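Q: Dropping the structure in here first, questions after.
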Amino acid sequence: MLRSSISSGSSFEAVAGYARAAVVEFDTYAEVFVSGCTGFDYATMTISDDVADQARQCFHNIADALGKAGGDLGHLVRVRYYLTDGADFEVLAPIFGTFCGAAKPAATALVCGLVDARMKIEIEVDARIPRRAG
């Protein structure tokens, strides 16, 4: 079993000592654990005020990490949504369906506080990406 890390280049990762994703390689697949992604555009360190825009950016950040691991959103097996306002779920659910509908991962949604008042949503995922044996 081999383990590697993927970075987004976010300053948050360097300060807090974590990786955007951890990849654990097995013979025929890789398990990818993507840290909670927020609506920040990591290239510019900006964030929209709109929760729907934040959700789309979360999935962009997730897709980027999965791509670096050789996968995509179709490989999702588990997703966790952290919302600061439960009333946003009605607006967000169709967006979740757009990005996760093909994979149909197991999912959980929680209402909680996040570490930055600008953040309205955080999404973390697990994926299983097939590898060629041998």
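A note on labels: chains of the structure tokens are A, B, ... as shown, every chain counts residues from 1, and ligands are counted from 1 in their shown order.
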Neighbouring residues of Asp126 of chain A were defined as those with any atom within 12 Å, considering only C-alpha atoms; residues of the same chain fewer than 2 positions away were excluded. Please report them as a ChimeraX atom specification.
A: /A:20-24,30-36,62-63,65-66,69,71-80,103,105-107,123-124,128-129
Q: If DSSP is run on the backbone, what residues of segment 34-123 of chain A are strand (DSSP E)? A reply as a ChimeraX atom specification would be ideal.
A: /A:34-38,40-41,46-47,76-83,106-111,121-123
Q: Would you pick out the contacts of Thr46 of chain A at 12 Å or less, using only C-alpha atoms, so that residues sharing its chain but fewer than 5 positions from it are not included, and give the list as JSON, numbers by chain?
A: {"A": [10, 38, 39, 40, 41, 53, 54, 57, 118, 119]}
Q: Kindly indicate which residue among A:Val91, A:Val115, A:Ala43, A:Val51 lies nearest to Ser11 of chain A, using only C-alpha atoms for the distances.
A: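 Nearest candidate to Ser11 of chain A out of A:Val91, A:Val115, A:Ala43, A:Val51: A:Ala43.
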Q: Expressed in Å to a single decimal, how great is the separation between atom CA of Met45 of chain A and atom CA of Asp88 of chain A?
A: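 Atom-to-atom, atom CA of Met45 of chain A to atom CA of Asp88 of chain A, that is 23.2 Å.
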Q: Among segment 33-126 of chain A, which residues carry a DSSP assignment of helix (DSSP H, G or I), reported as a PyMOL selection string?
A: chain A and resi 51-68+73-75+86-100
Q: Any chance you could export the current selection's N, CA and C atoms as a compact mmCIF listing (two decimals), in the first residue's frame?
A:
```
# COMPACT_ATOMS: atom_id res chain seq x y z
N VAL A 51 -24.36 31.42 -1.99
CA VAL A 51 -24.16 30.03 -1.58
C VAL A 51 -24.13 29.08 -2.77
N ALA A 52 -24.92 29.34 -3.81
CA ALA A 52 -24.91 28.47 -4.99
C ALA A 52 -23.57 28.56 -5.70
N ASP A 53 -23.04 29.77 -5.84
CA ASP A 53 -21.71 29.93 -6.45
C ASP A 53 -20.65 29.24 -5.60
N GLN A 54 -20.78 29.35 -4.28
CA GLN A 54 -19.82 28.68 -3.40
C GLN A 54 -19.87 27.17 -3.60
N ALA A 55 -21.07 26.61 -3.72
CA ALA A 55 -21.20 25.16 -3.91
C ALA A 55 -20.54 24.72 -5.21
N ARG A 56 -20.77 25.48 -6.27
CA ARG A 56 -20.15 25.14 -7.55
C ARG A 56 -18.62 25.20 -7.45
N GLN A 57 -18.11 26.21 -6.75
CA GLN A 57 -16.66 26.32 -6.57
C GLN A 57 -16.12 25.17 -5.73
N CYS A 58 -16.89 24.74 -4.72
CA CYS A 58 -16.49 23.57 -3.94
C CYS A 58 -16.27 22.37 -4.86
N PHE A 59 -17.25 22.13 -5.75
CA PHE A 59 -17.13 20.98 -6.65
C PHE A 59 -16.00 21.16 -7.65
N HIS A 60 -15.73 22.39 -8.07
CA HIS A 60 -14.58 22.65 -8.93
C HIS A 60 -13.30 22.26 -8.20
N ASN A 61 -13.18 22.67 -6.93
CA ASN A 61 -12.00 22.35 -6.13
C ASN A 61 -11.86 20.84 -5.93
N ILE A 62 -12.99 20.18 -5.68
CA ILE A 62 -12.99 18.72 -5.50
C ILE A 62 -12.58 18.02 -6.79
N ALA A 63 -13.17 18.45 -7.91
CA ALA A 63 -12.84 17.84 -9.20
C ALA A 63 -11.37 18.01 -9.54
N ASP A 64 -10.80 19.15 -9.18
CA ASP A 64 -9.38 19.38 -9.41
C ASP A 64 -8.53 18.38 -8.63
N ALA A 65 -8.86 18.17 -7.36
CA ALA A 65 -8.11 17.21 -6.54
C ALA A 65 -8.27 15.80 -7.09
N LEU A 66 -9.48 15.42 -7.45
CA LEU A 66 -9.71 14.07 -7.99
C LEU A 66 -8.97 13.89 -9.31
N GLY A 67 -8.94 14.92 -10.13
CA GLY A 67 -8.22 14.85 -11.40
C GLY A 67 -6.74 14.60 -11.19
N LYS A 68 -6.16 15.23 -10.18
CA LYS A 68 -4.74 15.02 -9.86
C LYS A 68 -4.49 13.59 -9.39
N LEU A 73 -15.47 13.22 -10.66
CA LEU A 73 -16.63 13.16 -9.77
C LEU A 73 -17.43 11.87 -9.93
N GLY A 74 -17.28 11.19 -11.04
CA GLY A 74 -17.95 9.91 -11.24
C GLY A 74 -17.43 8.81 -10.33
N HIS A 75 -16.31 9.05 -9.66
CA HIS A 75 -15.72 8.06 -8.76
C HIS A 75 -16.11 8.28 -7.29
N GLY A 86 -29.49 25.73 7.22
CA GLY A 86 -30.27 24.62 6.68
C GLY A 86 -31.26 25.04 5.60
N ALA A 87 -31.68 26.29 5.63
CA ALA A 87 -32.63 26.78 4.62
C ALA A 87 -32.00 26.80 3.22
N ASP A 88 -30.68 26.80 3.15
CA ASP A 88 -30.00 26.80 1.85
C ASP A 88 -30.11 25.45 1.13
N PHE A 89 -30.47 24.41 1.84
CA PHE A 89 -30.48 23.07 1.23
C PHE A 89 -31.38 23.00 0.01
N GLU A 90 -32.52 23.68 0.06
CA GLU A 90 -33.46 23.64 -1.07
C GLU A 90 -32.81 24.19 -2.35
N VAL A 91 -32.03 25.24 -2.22
CA VAL A 91 -31.33 25.82 -3.37
C VAL A 91 -30.17 24.94 -3.80
N LEU A 92 -29.50 24.32 -2.83
CA LEU A 92 -28.29 23.56 -3.11
C LEU A 92 -28.54 22.15 -3.64
N ALA A 93 -29.63 21.53 -3.23
CA ALA A 93 -29.87 20.13 -3.61
C ALA A 93 -29.78 19.90 -5.13
N PRO A 94 -30.37 20.74 -5.97
CA PRO A 94 -30.22 20.52 -7.41
C PRO A 94 -28.76 20.64 -7.89
N ILE A 95 -28.00 21.51 -7.25
CA ILE A 95 -26.58 21.65 -7.60
C ILE A 95 -25.85 20.37 -7.22
N PHE A 96 -26.14 19.83 -6.05
CA PHE A 96 -25.55 18.56 -5.64
C PHE A 96 -25.88 17.48 -6.67
N GLY A 97 -27.12 17.46 -7.11
CA GLY A 97 -27.54 16.47 -8.10
C GLY A 97 -26.81 16.61 -9.42
N THR A 98 -26.55 17.83 -9.82
CA THR A 98 -25.82 18.07 -11.07
C THR A 98 -24.41 17.49 -11.00
N PHE A 99 -23.73 17.70 -9.89
CA PHE A 99 -22.34 17.27 -9.77
C PHE A 99 -22.20 15.82 -9.31
N CYS A 100 -23.17 15.30 -8.57
CA CYS A 100 -23.04 13.95 -7.99
C CYS A 100 -24.00 12.93 -8.58
```
Q: So how many Å separate atom CA of Val15 of chain A and atom CA of Val125 of chain A, to one decimal?
A: 21.7 Å
Q: Between A:Gly70, A:Asp50, A:Glu13, A:Met1, which one has atoms that come closest to Cys37 of chain A, using only C-alpha atoms?
A: A:Glu13
Q: Between atom CA of Glu25 of chain A and atom CA of Ser5 of chain A, what is the spacing in Å?
A: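 So the answer is 11.2 Å.
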